[in-house]
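Next up, input24.pdb (PDB, C-alpha atoms):
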```
ATOM      1  CA  MET I1026      10.088  16.433 -11.167
ATOM      2  CA  SER I1027       9.857  14.317 -14.290
ATOM      3  CA  HIS I1028       7.048  11.786 -14.736
ATOM      4  CA  LEU I1029       8.425   8.837 -16.636
ATOM      5  CA  ILE I1030       5.340   6.639 -16.573
ATOM      6  CA  SER I1031       1.885   7.237 -17.990
ATOM      7  CA  PRO I1032      -0.860   7.841 -15.404
ATOM      8  CA  LEU I1033      -2.996   5.167 -17.113
ATOM      9  CA  PHE I1034      -3.617   2.091 -15.044
ATOM     10  CA  LEU I1035      -4.288  -1.580 -15.638
ATOM     11  CA  VAL I1036      -6.201  -3.928 -13.385
ATOM     12  CA  ALA I1037      -5.403  -7.624 -13.459
ATOM     13  CA  PRO I1038      -8.287  -9.455 -11.808
ATOM     14  CA  ARG I1039      -6.639 -12.850 -12.163
ATOM     15  CA  ALA I1040      -3.161 -14.066 -11.358
ATOM     16  CA  ARG I1041      -3.088 -16.006 -14.650
ATOM     17  CA  TRP I1042      -3.593 -12.770 -16.607
ATOM     18  CA  TRP I1043      -0.668 -11.165 -14.793
ATOM     19  CA  GLY I1044       1.564 -14.145 -15.453
ATOM     20  CA  ALA I1045       0.802 -13.990 -19.172
ATOM     21  CA  LEU I1046       1.514 -10.266 -19.193
ATOM     22  CA  ARG I1047       4.833 -10.804 -17.463
ATOM     23  CA  ALA I1048       5.912 -13.610 -19.758
ATOM     24  CA  GLY I1049       4.565 -12.353 -23.044
ATOM     25  CA  ALA I1050       4.614  -8.567 -23.009
ATOM     26  CA  GLY I1051       8.186  -7.839 -22.097
ATOM     27  CA  GLY I1052       7.131  -6.458 -18.738
ATOM     28  CA  SER I1053       6.291  -3.008 -20.111
ATOM     29  CA  ALA I1054       2.506  -2.931 -19.803
ATOM     30  CA  GLY I1055       2.561  -4.292 -16.285
ATOM     31  CA  CYS I1056       4.710  -1.407 -15.111
ATOM     32  CA  ARG I1057       2.308   1.380 -15.943
ATOM     33  CA  ALA I1058       1.176   3.508 -13.034
ATOM     34  CA  GLY I1059      -1.714   1.896 -11.258
ATOM     35  CA  SER I1060      -1.203  -1.635 -12.535
ATOM     36  CA  CYS I1061      -2.561  -4.075  -9.971
ATOM     37  CA  ARG I1062      -2.817  -7.795  -9.405
ATOM     38  CA  ARG I1063      -4.019 -10.081  -6.688
ATOM     39  CA  LEU I1064      -3.095 -13.651  -5.903
ATOM     40  CA  SER I1065      -4.874 -16.460  -4.118
ATOM     41  CA  PRO I1066      -5.112 -16.000  -0.326
ATOM     42  CA  ALA I1067      -2.120 -17.082   1.719
ATOM     43  CA  SER I1068      -1.690 -17.829   5.394
ATOM     44  CA  ARG I1069      -1.958 -14.552   7.299
ATOM     45  CA  ALA I1070      -1.884 -13.943  11.036
ATOM     46  CA  ARG I1071      -4.716 -12.159  12.828
ATOM     47  CA  PRO I1072      -3.005  -9.561  15.027
ATOM     48  CA  ASN I1073      -4.552  -7.762  18.002
ATOM     49  CA  GLY I1074      -7.551 -10.097  18.112
ATOM     50  CA  HIS I1075      -9.236  -8.541  15.077
ATOM     51  CA  ARG I1076     -10.710 -11.161  12.810
ATOM     52  CA  PRO I1077     -10.110 -10.034   9.202
ATOM     53  CA  PRO I1078     -13.328  -9.565   7.230
ATOM     54  CA  PRO I1079     -13.800 -12.127   4.431
ATOM     55  CA  ALA I1080     -13.575  -9.280   1.888
ATOM     56  CA  ALA I1081     -10.078  -8.498   3.144
ATOM     57  CA  MET I1082      -8.864 -12.093   3.160
ATOM     58  CA  ARG I1083      -9.955 -13.025  -0.348
ATOM     59  CA  HIS I1084      -8.125 -10.097  -1.935
ATOM     60  CA  LEU I1085      -4.785 -10.649  -0.199
ATOM     61  CA  PRO I1086      -1.993 -10.554  -1.008
ATOM     62  CA  TYR I1087      -2.781  -7.601  -3.267
ATOM     63  CA  PHE I1088      -0.182  -6.060  -5.558
ATOM     64  CA  CYS I1089      -0.559  -2.460  -6.723
ATOM     65  CA  ARG I1090       1.591   0.138  -8.441
ATOM     66  CA  GLY I1091       0.867   3.812  -9.021
ATOM     67  CA  GLN I1092       2.221   7.310  -9.123
ATOM     68  CA  VAL I1093       2.550   9.200  -5.845
ATOM     69  CA  VAL I1094       0.393  12.325  -5.702
ATOM     70  CA  LYS I1095      -0.054  15.076  -3.120
ATOM     71  CA  GLY I1096      -2.560  14.180  -0.437
ATOM     72  CA  PHE I1097      -4.089  16.149   2.420
ATOM     73  CA  GLY I1098      -0.723  17.167   3.859
ATOM     74  CA  ARG I1099      -1.656  15.916   7.330
ATOM     75  CA  GLY I1100       0.696  12.962   7.689
ATOM     76  CA  SER I1101       3.908  14.885   8.252
ATOM     77  CA  LYS I1102       2.516  18.162   9.610
ATOM     78  CA  GLU I1103      -0.092  16.978  12.108
ATOM     79  CA  LEU I1104       0.810  13.373  12.794
ATOM     80  CA  GLY I1105       4.557  13.239  12.269
ATOM     81  CA  ILE I1106       3.880  10.117  10.207
ATOM     82  CA  PRO I1107       4.343  10.878   6.480
ATOM     83  CA  THR I1108       2.216   8.965   3.995
ATOM     84  CA  ALA I1109       2.339   8.422   0.245
ATOM     85  CA  ASN I1110      -0.965   8.806  -1.582
ATOM     86  CA  PHE I1111      -2.197   7.139  -4.761
ATOM     87  CA  SER I1112      -4.294   9.025  -7.319
ATOM     88  CA  GLU I1113      -8.070   8.678  -7.445
ATOM     89  CA  GLN I1114      -7.645   6.497 -10.549
ATOM     90  CA  VAL I1115      -5.553   3.981  -8.656
ATOM     91  CA  VAL I1116      -7.822   4.045  -5.593
ATOM     92  CA  GLU I1117     -10.834   3.356  -7.840
ATOM     93  CA  SER I1118      -9.007   0.381  -9.374
ATOM     94  CA  PHE I1119      -8.998  -1.437  -6.016
ATOM     95  CA  PRO I1120     -11.667  -4.149  -5.654
ATOM     96  CA  SER I1121     -14.931  -2.413  -4.800
ATOM     97  CA  ASP I1122     -15.606  -4.851  -1.960
ATOM     98  CA  ILE I1123     -12.186  -4.740  -0.298
ATOM     99  CA  SER I1124     -12.636  -3.929   3.386
ATOM    100  CA  THR I1125     -11.627  -0.530   4.657
ATOM    101  CA  GLY I1126      -9.149  -0.566   7.492
ATOM    102  CA  ILE I1127      -5.469  -0.759   8.338
ATOM    103  CA  TYR I1128      -3.193  -3.244   6.577
ATOM    104  CA  TYR I1129       0.503  -4.109   6.452
ATOM    105  CA  GLY I1130       2.861  -5.146   3.684
ATOM    106  CA  TRP I1131       5.888  -4.170   1.620
ATOM    107  CA  ALA I1132       6.585  -1.020  -0.396
ATOM    108  CA  CYS I1133       9.189   0.208  -2.855
ATOM    109  CA  VAL I1134       9.717   3.622  -4.450
ATOM    110  CA  GLY I1135      10.956   3.386  -8.033
ATOM    111  CA  ASN I1136      13.602   0.670  -8.143
ATOM    112  CA  GLY I1137      14.828   1.374  -4.632
ATOM    113  CA  ASP I1138      14.939  -0.845  -1.590
ATOM    114  CA  VAL I1139      11.832  -2.664  -0.380
ATOM    115  CA  HIS I1140      10.644  -1.518   3.045
ATOM    116  CA  LYS I1141       7.973  -2.493   5.540
ATOM    117  CA  MET I1142       4.816  -0.428   5.369
ATOM    118  CA  VAL I1143       1.448   0.112   7.016
ATOM    119  CA  LEU I1144      -1.484   1.236   4.885
ATOM    120  CA  SER I1145      -4.912   2.784   5.376
ATOM    121  CA  ILE I1146      -7.813   2.151   3.009
ATOM    122  CA  GLY I1147     -10.947   4.197   3.595
ATOM    123  CA  TRP I1148     -12.294   7.568   4.646
ATOM    124  CA  ASN I1149     -10.267   8.332   7.791
ATOM    125  CA  PRO I1150     -13.215   8.861  10.193
ATOM    126  CA  PHE I1151     -11.235  11.223  12.430
ATOM    127  CA  TYR I1152     -10.906  13.678   9.525
ATOM    128  CA  LYS I1153     -14.298  12.862   7.989
ATOM    129  CA  ASN I1154     -12.930  12.517   4.465
ATOM    130  CA  ILE I1155     -15.442  12.732   1.644
ATOM    131  CA  LYS I1156     -13.351  10.710  -0.818
ATOM    132  CA  LYS I1157     -11.920   7.271  -0.219
ATOM    133  CA  SER I1158      -8.131   7.198  -0.056
ATOM    134  CA  VAL I1159      -5.266   4.722   0.060
ATOM    135  CA  GLU I1160      -2.414   6.067   2.167
ATOM    136  CA  THR I1161       0.880   4.235   2.647
ATOM    137  CA  HIS I1162       3.302   4.921   5.481
ATOM    138  CA  ILE I1163       6.658   3.442   4.513
ATOM    139  CA  ILE I1164       8.633   2.476   7.615
ATOM    140  CA  HIS I1165      11.797   4.188   6.463
ATOM    141  CA  THR I1166      13.189   7.721   6.564
ATOM    142  CA  PHE I1167      13.538   9.307   3.126
ATOM    143  CA  LYS I1168      15.772  12.328   2.562
ATOM    144  CA  GLU I1169      13.262  14.066   0.293
ATOM    145  CA  ASP I1170       9.703  13.915  -0.982
ATOM    146  CA  PHE I1171       8.983  11.587  -3.901
ATOM    147  CA  TYR I1172       5.868  13.055  -5.490
ATOM    148  CA  GLY I1173       5.481  11.866  -9.080
ATOM    149  CA  GLU I1174       7.494   8.729  -8.527
ATOM    150  CA  ILE I1175       6.220   5.179  -8.814
ATOM    151  CA  LEU I1176       5.211   3.405  -5.616
ATOM    152  CA  SER I1177       4.879  -0.376  -5.742
ATOM    153  CA  ILE I1178       3.165  -2.111  -2.832
ATOM    154  CA  VAL I1179       2.057  -5.572  -1.830
ATOM    155  CA  ILE I1180      -0.642  -5.668   0.855
ATOM    156  CA  ILE I1181      -0.229  -8.846   2.879
ATOM    157  CA  GLY I1182      -2.323  -8.690   6.019
ATOM    158  CA  TYR I1183      -5.059  -6.910   7.943
ATOM    159  CA  ILE I1184      -4.546  -5.188  11.302
ATOM    160  CA  ARG I1185      -7.824  -3.540  12.286
ATOM    161  CA  PRO I1186     -10.913  -1.733  11.008
ATOM    162  CA  GLU I1187     -11.144   2.028  10.583
ATOM    163  CA  LYS I1188     -12.420   3.883  13.616
ATOM    164  CA  ASN I1189     -12.789   7.371  14.980
ATOM    165  CA  PHE I1190     -10.766   8.763  17.876
ATOM    166  CA  ASP I1191     -11.478  11.240  20.654
ATOM    167  CA  SER I1192      -8.274  13.175  20.090
ATOM    168  CA  LEU I1193      -5.343  13.634  17.735
ATOM    169  CA  GLU I1194      -3.085  12.111  20.382
ATOM    170  CA  ALA I1195      -5.229   8.956  20.492
ATOM    171  CA  LEU I1196      -5.048   8.680  16.687
ATOM    172  CA  ILE I1197      -1.259   9.054  16.699
ATOM    173  CA  SER I1198      -0.961   6.429  19.446
ATOM    174  CA  ALA I1199      -3.082   3.971  17.452
ATOM    175  CA  ILE I1200      -1.003   4.538  14.313
ATOM    176  CA  GLN I1201       2.199   3.900  16.260
ATOM    177  CA  GLU I1202       0.706   0.626  17.527
ATOM    178  CA  ASP I1203      -0.213  -0.265  13.936
ATOM    179  CA  ILE I1204       3.369   0.375  12.855
ATOM    180  CA  GLU I1205       4.771  -1.871  15.579
ATOM    181  CA  GLU I1206       2.276  -4.614  14.689
ATOM    182  CA  ALA I1207       3.249  -4.339  11.023
ATOM    183  CA  LYS I1208       6.917  -4.732  11.932
ATOM    184  CA  ARG I1209       6.198  -7.872  13.961
ATOM    185  CA  GLN I1210       4.039  -9.462  11.297
ATOM    186  CA  LEU I1211       6.440  -8.725   8.452
ATOM    187  CA  ASP I1212       9.273 -10.483  10.268
ATOM    188  CA  LEU I1213       7.406 -13.786   9.891
ATOM    189  CA  PRO I1214       9.024 -16.091   7.280
ATOM    190  CA  GLU I1215       5.849 -16.403   5.186
ATOM    191  CA  HIS I1216       5.727 -12.612   4.848
ATOM    192  CA  LEU I1217       9.440 -12.010   4.352
ATOM    193  CA  LYS I1218       9.458 -14.045   1.141
ATOM    194  CA  LEU I1219       7.210 -11.506  -0.621
ATOM    195  CA  LYS I1220       9.839  -8.819  -0.038
ATOM    196  CA  GLU I1221      11.861 -10.471  -2.813
ATOM    197  CA  ASP I1222       9.016 -10.631  -5.342
ATOM    198  CA  ASN I1223       9.952  -9.615  -8.898
ATOM    199  CA  PHE I1224       7.029  -7.201  -8.852
ATOM    200  CA  PHE I1225       9.313  -4.724  -7.101
ATOM    201  CA  HIS I1226      11.784  -4.602  -9.990
ATOM    202  CA  LEU I1227      10.815  -1.954 -12.537
ATOM    203  CA  PRO I1228      12.263  -2.163 -16.062
ATOM    204  CA  GLU I1229      15.164   0.154 -16.868
ATOM    205  CA  GLY I1230      13.985   3.676 -17.633
ATOM    206  CA  LYS I1231      11.228   3.610 -15.046
ATOM    207  CA  ILE I1232      13.433   4.639 -12.111
ATOM    208  CA  VAL I1233      12.932   8.147 -10.756
ATOM    209  CA  ASN I1234      15.472   9.876  -8.491
ATOM    210  CA  ASN I1235      17.083   6.567  -7.457
ATOM    211  CA  HIS I1236      14.994   6.073  -4.269
TER     212      HIS I1236
END
```
As structure tokens:
Amino acid sequence: MSHLISPLFLVAPRARWWGALRAGAGGSAGCRAGSCRRLSPASRARPNGHRPPPAAMRHLPYFCRGQVVKGFGRGSKELGIPTANFSEQVVESFPSDISTGIYYGWACVGNGDVHKMVLSIGWNPFYKNIKKSVETHIIHTFKEDFYGEILSIVIIGYIRPEKNFDSLEALISAIQEDIEEAKRQLDLPEHLKLKEDNFFHLPEGKIVNNH
């Protein structure tokens, strides 16, 4: 599978920097794998009674783009819920104080359609991960894997903190509840508008496998 974008990443700590990059750099630099931006906080619901930590609220909505790499292989095999994983470089580019937990937002592979997604940031206590990961479950059925392709996401809201579970079945049940909550939240008008953000449109030549 061809890799059309450099694995280097850019971090844009301020929305003004991103705007200048978009307007003045022809869009090329901002489309490197791992390029990220964050905007000022918007109105976000607080589902399931969980009050979002301040560290989650101040970083949302959060825009990130990176190459999809192979993860632990548990999503499809054990959980029946496939996830797309970012590289360690991209994970390390996230704000160091962003809260771990489960989030919702929008995702796009290459220059394909934009879909709802639910995302985990953290160490997955059930599996006792040693390294922090960012795993995205796109609420859509893809015909094939898309390792090496460019995944663009915007994280909009917070669902719940990370937690351990007594069984695999309990973990799967919680993830399914997260997915349903993400669907409900993303149908709200203030969240739907971000689905059309220009961030999801890669320049010509950056599309891989037409997903």
### Task
Would you mind telling me which residue in I:Gln1210, I:Glu1221, I:Tyr1128, I:Ala1199 lies nearest to Ile1106 of chain I when using all atoms listed in the file?
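Ranked by minimum distance to Ile1106 of chain I, first place goes to I:Ala1199.
Computed from the coordinates, the atom CA of Arg1076 of chain I to atom CA of Ile1184 of chain I distance equals 8.7 Å.
Here atom CA of Leu1219 of chain I and atom CA of Ile1163 of chain I stand 15.8 Å from one another.
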### Nearest-residue call for Val1179 of chain I, choices I:Met1142, I:Val1093, I:Ala1080, I:Leu1196, using all atoms listed in the file
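Answer, going by the shortest atom-to-atom distance: I:Met1142.
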### Message
From the options I:Pro1077, I:Gly1147, I:Pro1214, I:Gly1182, which residue's atoms come nearest to Gly1126 of chain I, counting only C-alpha atoms?
### Response
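Looking at the shortest contact to Gly1126 of chain I, the residue is I:Gly1147.
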Any chance you could resolve the PyMOL selection byres ((chain I and resi 1136) around 6) against this file and give the residues as a PDB file with C-alpha atoms, keeping the file's coordinate frame?
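In the end it all went to part.pdb:
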```pdb
ATOM      1  CA  GLY I1135      10.956   3.386  -8.033  1.00  0.00           C
ATOM      2  CA  GLY I1137      14.828   1.374  -4.632  1.00  0.00           C
ATOM      3  CA  HIS I1226      11.784  -4.602  -9.990  1.00  0.00           C
ATOM      4  CA  LEU I1227      10.815  -1.954 -12.537  1.00  0.00           C
ATOM      5  CA  ILE I1232      13.433   4.639 -12.111  1.00  0.00           C
TER       6      ILE I1232
END
```
### Query
Hey, which of I:Cys1133, I:Val1139, I:Ile1180, I:Ile1164 ends up closest to Tyr1087 of chain I? Count only C-alpha atoms.
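Among the listed residues, I:Ile1180 lies closest to Tyr1087 of chain I.
Against the coordinates shown, the PyMOL selection byres ((chain I and resi 1171) around 10) returns Met1026, Gln1092, Val1093, Val1094, Lys1095, Ala1109, Val1134, Gly1135, Phe1167, Lys1168, Glu1169, Asp1170, Tyr1172, Gly1173, Glu1174, Ile1175, Leu1176, Val1233, Asn1234 and His1236 of chain I.
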Those residues with C-alpha atoms, as a PDB file, keeping the file's coordinate frame please?
```pdb
ATOM      1  CA  MET I1026      10.088  16.433 -11.167  1.00  0.00           C
ATOM      2  CA  GLN I1092       2.221   7.310  -9.123  1.00  0.00           C
ATOM      3  CA  VAL I1093       2.550   9.200  -5.845  1.00  0.00           C
ATOM      4  CA  VAL I1094       0.393  12.325  -5.702  1.00  0.00           C
ATOM      5  CA  LYS I1095      -0.054  15.076  -3.120  1.00  0.00           C
ATOM      6  CA  ALA I1109       2.339   8.422   0.245  1.00  0.00           C
ATOM      7  CA  VAL I1134       9.717   3.622  -4.450  1.00  0.00           C
ATOM      8  CA  GLY I1135      10.956   3.386  -8.033  1.00  0.00           C
ATOM      9  CA  PHE I1167      13.538   9.307   3.126  1.00  0.00           C
ATOM     10  CA  LYS I1168      15.772  12.328   2.562  1.00  0.00           C
ATOM     11  CA  GLU I1169      13.262  14.066   0.293  1.00  0.00           C
ATOM     12  CA  ASP I1170       9.703  13.915  -0.982  1.00  0.00           C
ATOM     13  CA  TYR I1172       5.868  13.055  -5.490  1.00  0.00           C
ATOM     14  CA  GLY I1173       5.481  11.866  -9.080  1.00  0.00           C
ATOM     15  CA  GLU I1174       7.494   8.729  -8.527  1.00  0.00           C
ATOM     16  CA  ILE I1175       6.220   5.179  -8.814  1.00  0.00           C
ATOM     17  CA  LEU I1176       5.211   3.405  -5.616  1.00  0.00           C
ATOM     18  CA  VAL I1233      12.932   8.147 -10.756  1.00  0.00           C
ATOM     19  CA  ASN I1234      15.472   9.876  -8.491  1.00  0.00           C
ATOM     20  CA  HIS I1236      14.994   6.073  -4.269  1.00  0.00           C
TER      21      HIS I1236
END
```
### Query
Which is closer to Leu1211 of chain I than all the others in I:Trp1148, I:Glu1194, I:Glu1160, I:Lys1141, using all atoms listed in the file?
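For Leu1211 of chain I, the nearest of the candidates is I:Lys1141.
The two atoms in question, atom CA of Ser1112 of chain I and atom CA of Tyr1129 of chain I, are spaced 19.6 Å apart.
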#### Entry: Counting all atoms listed in the file, the residue of I:Val1143, I:Ala1132, I:Cys1089, I:Val1115 that sits nearest Arg1209 of chain I
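Among I:Val1143, I:Ala1132, I:Cys1089, I:Val1115, it is I:Val1143 that comes nearest to Arg1209 of chain I.
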### Message
At a cut-off of 10 Å, using all atoms listed in the file, what residues contact Val1159 of chain I? Leave out same-chain residues fewer than 6 positions from it and give the result as a PyMOL selection string.
### Response
chain I and resi 1096+1108-1113+1115-1117+1119+1125-1127+1144-1149
Can we get segment 1170-1181 of chain I of that structure written down with all heavy atoms, as a PDB file, in the first residue's frame?
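The resulting file, result-v1.pdb, is reproduced below:
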```
ATOM      1  N   ASP I1170      -9.291  -2.960   4.892  1.00  0.00           N
ATOM      2  CA  ASP I1170      -8.459  -2.193   5.820  1.00  0.00           C
ATOM      3  C   ASP I1170      -7.884  -0.967   5.117  1.00  0.00           C
ATOM      4  O   ASP I1170      -7.752  -0.943   3.889  1.00  0.00           O
ATOM      5  CB  ASP I1170      -7.309  -3.061   6.329  1.00  0.00           C
ATOM      6  CG  ASP I1170      -7.790  -4.175   7.251  1.00  0.00           C
ATOM      7  OD1 ASP I1170      -8.857  -4.002   7.865  1.00  0.00           O
ATOM      8  OD2 ASP I1170      -7.102  -5.208   7.347  1.00  0.00           O
ATOM      9  N   PHE I1171      -7.512   0.047   5.903  1.00  0.00           N
ATOM     10  CA  PHE I1171      -6.919   1.245   5.299  1.00  0.00           C
ATOM     11  C   PHE I1171      -5.644   1.656   6.018  1.00  0.00           C
ATOM     12  O   PHE I1171      -5.384   2.829   6.238  1.00  0.00           O
ATOM     13  CB  PHE I1171      -7.936   2.401   5.230  1.00  0.00           C
ATOM     14  CG  PHE I1171      -8.736   2.630   6.489  1.00  0.00           C
ATOM     15  CD1 PHE I1171      -8.249   3.439   7.503  1.00  0.00           C
ATOM     16  CD2 PHE I1171      -9.988   2.046   6.642  1.00  0.00           C
ATOM     17  CE1 PHE I1171      -8.988   3.669   8.649  1.00  0.00           C
ATOM     18  CE2 PHE I1171     -10.744   2.270   7.795  1.00  0.00           C
ATOM     19  CZ  PHE I1171     -10.236   3.088   8.800  1.00  0.00           C
ATOM     20  N   TYR I1172      -4.818   0.669   6.369  1.00  0.00           N
ATOM     21  CA  TYR I1172      -3.511   0.974   6.941  1.00  0.00           C
ATOM     22  C   TYR I1172      -2.704   1.819   5.956  1.00  0.00           C
ATOM     23  O   TYR I1172      -2.715   1.575   4.757  1.00  0.00           O
ATOM     24  CB  TYR I1172      -2.734  -0.311   7.236  1.00  0.00           C
ATOM     25  CG  TYR I1172      -3.367  -1.188   8.278  1.00  0.00           C
ATOM     26  CD1 TYR I1172      -3.735  -2.503   7.988  1.00  0.00           C
ATOM     27  CD2 TYR I1172      -3.595  -0.717   9.576  1.00  0.00           C
ATOM     28  CE1 TYR I1172      -4.308  -3.315   8.951  1.00  0.00           C
ATOM     29  CE2 TYR I1172      -4.175  -1.522  10.540  1.00  0.00           C
ATOM     30  CZ  TYR I1172      -4.526  -2.820  10.219  1.00  0.00           C
ATOM     31  OH  TYR I1172      -5.101  -3.619  11.175  1.00  0.00           O
ATOM     32  N   GLY I1173      -1.983   2.811   6.480  1.00  0.00           N
ATOM     33  CA  GLY I1173      -1.154   3.655   5.635  1.00  0.00           C
ATOM     34  C   GLY I1173      -1.877   4.842   5.049  1.00  0.00           C
ATOM     35  O   GLY I1173      -1.251   5.734   4.481  1.00  0.00           O
ATOM     36  N   GLU I1174      -3.185   4.868   5.185  1.00  0.00           N
ATOM     37  CA  GLU I1174      -3.944   5.989   4.650  1.00  0.00           C
ATOM     38  C   GLU I1174      -4.042   7.108   5.682  1.00  0.00           C
ATOM     39  O   GLU I1174      -3.649   6.952   6.834  1.00  0.00           O
ATOM     40  CB  GLU I1174      -5.328   5.523   4.194  1.00  0.00           C
ATOM     41  CG  GLU I1174      -5.224   4.439   3.133  1.00  0.00           C
ATOM     42  CD  GLU I1174      -6.492   4.272   2.341  1.00  0.00           C
ATOM     43  OE1 GLU I1174      -7.298   5.222   2.301  1.00  0.00           O
ATOM     44  OE2 GLU I1174      -6.682   3.192   1.766  1.00  0.00           O
ATOM     45  N   ILE I1175      -4.539   8.248   5.244  1.00  0.00           N
ATOM     46  CA  ILE I1175      -4.602   9.419   6.103  1.00  0.00           C
ATOM     47  C   ILE I1175      -5.986   9.530   6.744  1.00  0.00           C
ATOM     48  O   ILE I1175      -7.003   9.569   6.055  1.00  0.00           O
ATOM     49  CB  ILE I1175      -4.274  10.703   5.322  1.00  0.00           C
ATOM     50  CG1 ILE I1175      -2.873  10.603   4.745  1.00  0.00           C
ATOM     51  CG2 ILE I1175      -4.389  11.931   6.230  1.00  0.00           C
ATOM     52  CD1 ILE I1175      -1.777  10.331   5.768  1.00  0.00           C
ATOM     53  N   LEU I1176      -5.990   9.551   8.071  1.00  0.00           N
ATOM     54  CA  LEU I1176      -7.226   9.704   8.829  1.00  0.00           C
ATOM     55  C   LEU I1176      -7.286  11.111   9.398  1.00  0.00           C
ATOM     56  O   LEU I1176      -6.373  11.551  10.104  1.00  0.00           O
ATOM     57  CB  LEU I1176      -7.268   8.683   9.972  1.00  0.00           C
ATOM     58  CG  LEU I1176      -8.442   8.808  10.958  1.00  0.00           C
ATOM     59  CD1 LEU I1176      -9.770   8.539  10.249  1.00  0.00           C
ATOM     60  CD2 LEU I1176      -8.255   7.853  12.134  1.00  0.00           C
ATOM     61  N   SER I1177      -8.360  11.821   9.060  1.00  0.00           N
ATOM     62  CA  SER I1177      -8.587  13.166   9.594  1.00  0.00           C
ATOM     63  C   SER I1177      -9.753  13.099  10.573  1.00  0.00           C
ATOM     64  O   SER I1177     -10.801  12.530  10.250  1.00  0.00           O
ATOM     65  CB  SER I1177      -8.923  14.150   8.473  1.00  0.00           C
ATOM     66  OG  SER I1177      -7.888  14.196   7.510  1.00  0.00           O
ATOM     67  N   ILE I1178      -9.551  13.656  11.763  1.00  0.00           N
ATOM     68  CA  ILE I1178     -10.618  13.620  12.770  1.00  0.00           C
ATOM     69  C   ILE I1178     -10.811  14.996  13.397  1.00  0.00           C
ATOM     70  O   ILE I1178      -9.879  15.797  13.446  1.00  0.00           O
ATOM     71  CB  ILE I1178     -10.327  12.602  13.894  1.00  0.00           C
ATOM     72  CG1 ILE I1178      -9.072  13.009  14.692  1.00  0.00           C
ATOM     73  CG2 ILE I1178     -10.188  11.194  13.336  1.00  0.00           C
ATOM     74  CD1 ILE I1178      -8.851  12.195  15.954  1.00  0.00           C
ATOM     75  N   VAL I1179     -12.028  15.237  13.853  1.00  0.00           N
ATOM     76  CA  VAL I1179     -12.282  16.385  14.717  1.00  0.00           C
ATOM     77  C   VAL I1179     -12.989  15.835  15.954  1.00  0.00           C
ATOM     78  O   VAL I1179     -14.023  15.176  15.847  1.00  0.00           O
ATOM     79  CB  VAL I1179     -13.112  17.497  14.034  1.00  0.00           C
ATOM     80  CG1 VAL I1179     -14.400  16.954  13.439  1.00  0.00           C
ATOM     81  CG2 VAL I1179     -13.427  18.605  15.041  1.00  0.00           C
ATOM     82  N   ILE I1180     -12.378  16.034  17.114  1.00  0.00           N
ATOM     83  CA  ILE I1180     -12.937  15.584  18.383  1.00  0.00           C
ATOM     84  C   ILE I1180     -13.805  16.714  18.927  1.00  0.00           C
ATOM     85  O   ILE I1180     -13.319  17.825  19.137  1.00  0.00           O
ATOM     86  CB  ILE I1180     -11.824  15.236  19.381  1.00  0.00           C
ATOM     87  CG1 ILE I1180     -10.854  14.213  18.777  1.00  0.00           C
ATOM     88  CG2 ILE I1180     -12.432  14.674  20.670  1.00  0.00           C
ATOM     89  CD1 ILE I1180      -9.606  13.993  19.615  1.00  0.00           C
ATOM     90  N   ILE I1181     -15.066  16.431  19.155  1.00  0.00           N
ATOM     91  CA  ILE I1181     -16.018  17.481  19.508  1.00  0.00           C
ATOM     92  C   ILE I1181     -16.423  17.448  20.978  1.00  0.00           C
ATOM     93  O   ILE I1181     -16.533  18.490  21.623  1.00  0.00           O
ATOM     94  CB  ILE I1181     -17.282  17.369  18.628  1.00  0.00           C
ATOM     95  CG1 ILE I1181     -16.922  17.574  17.162  1.00  0.00           C
ATOM     96  CG2 ILE I1181     -18.338  18.372  19.069  1.00  0.00           C
ATOM     97  CD1 ILE I1181     -18.094  17.343  16.227  1.00  0.00           C
TER      98      ILE I1181
END
```
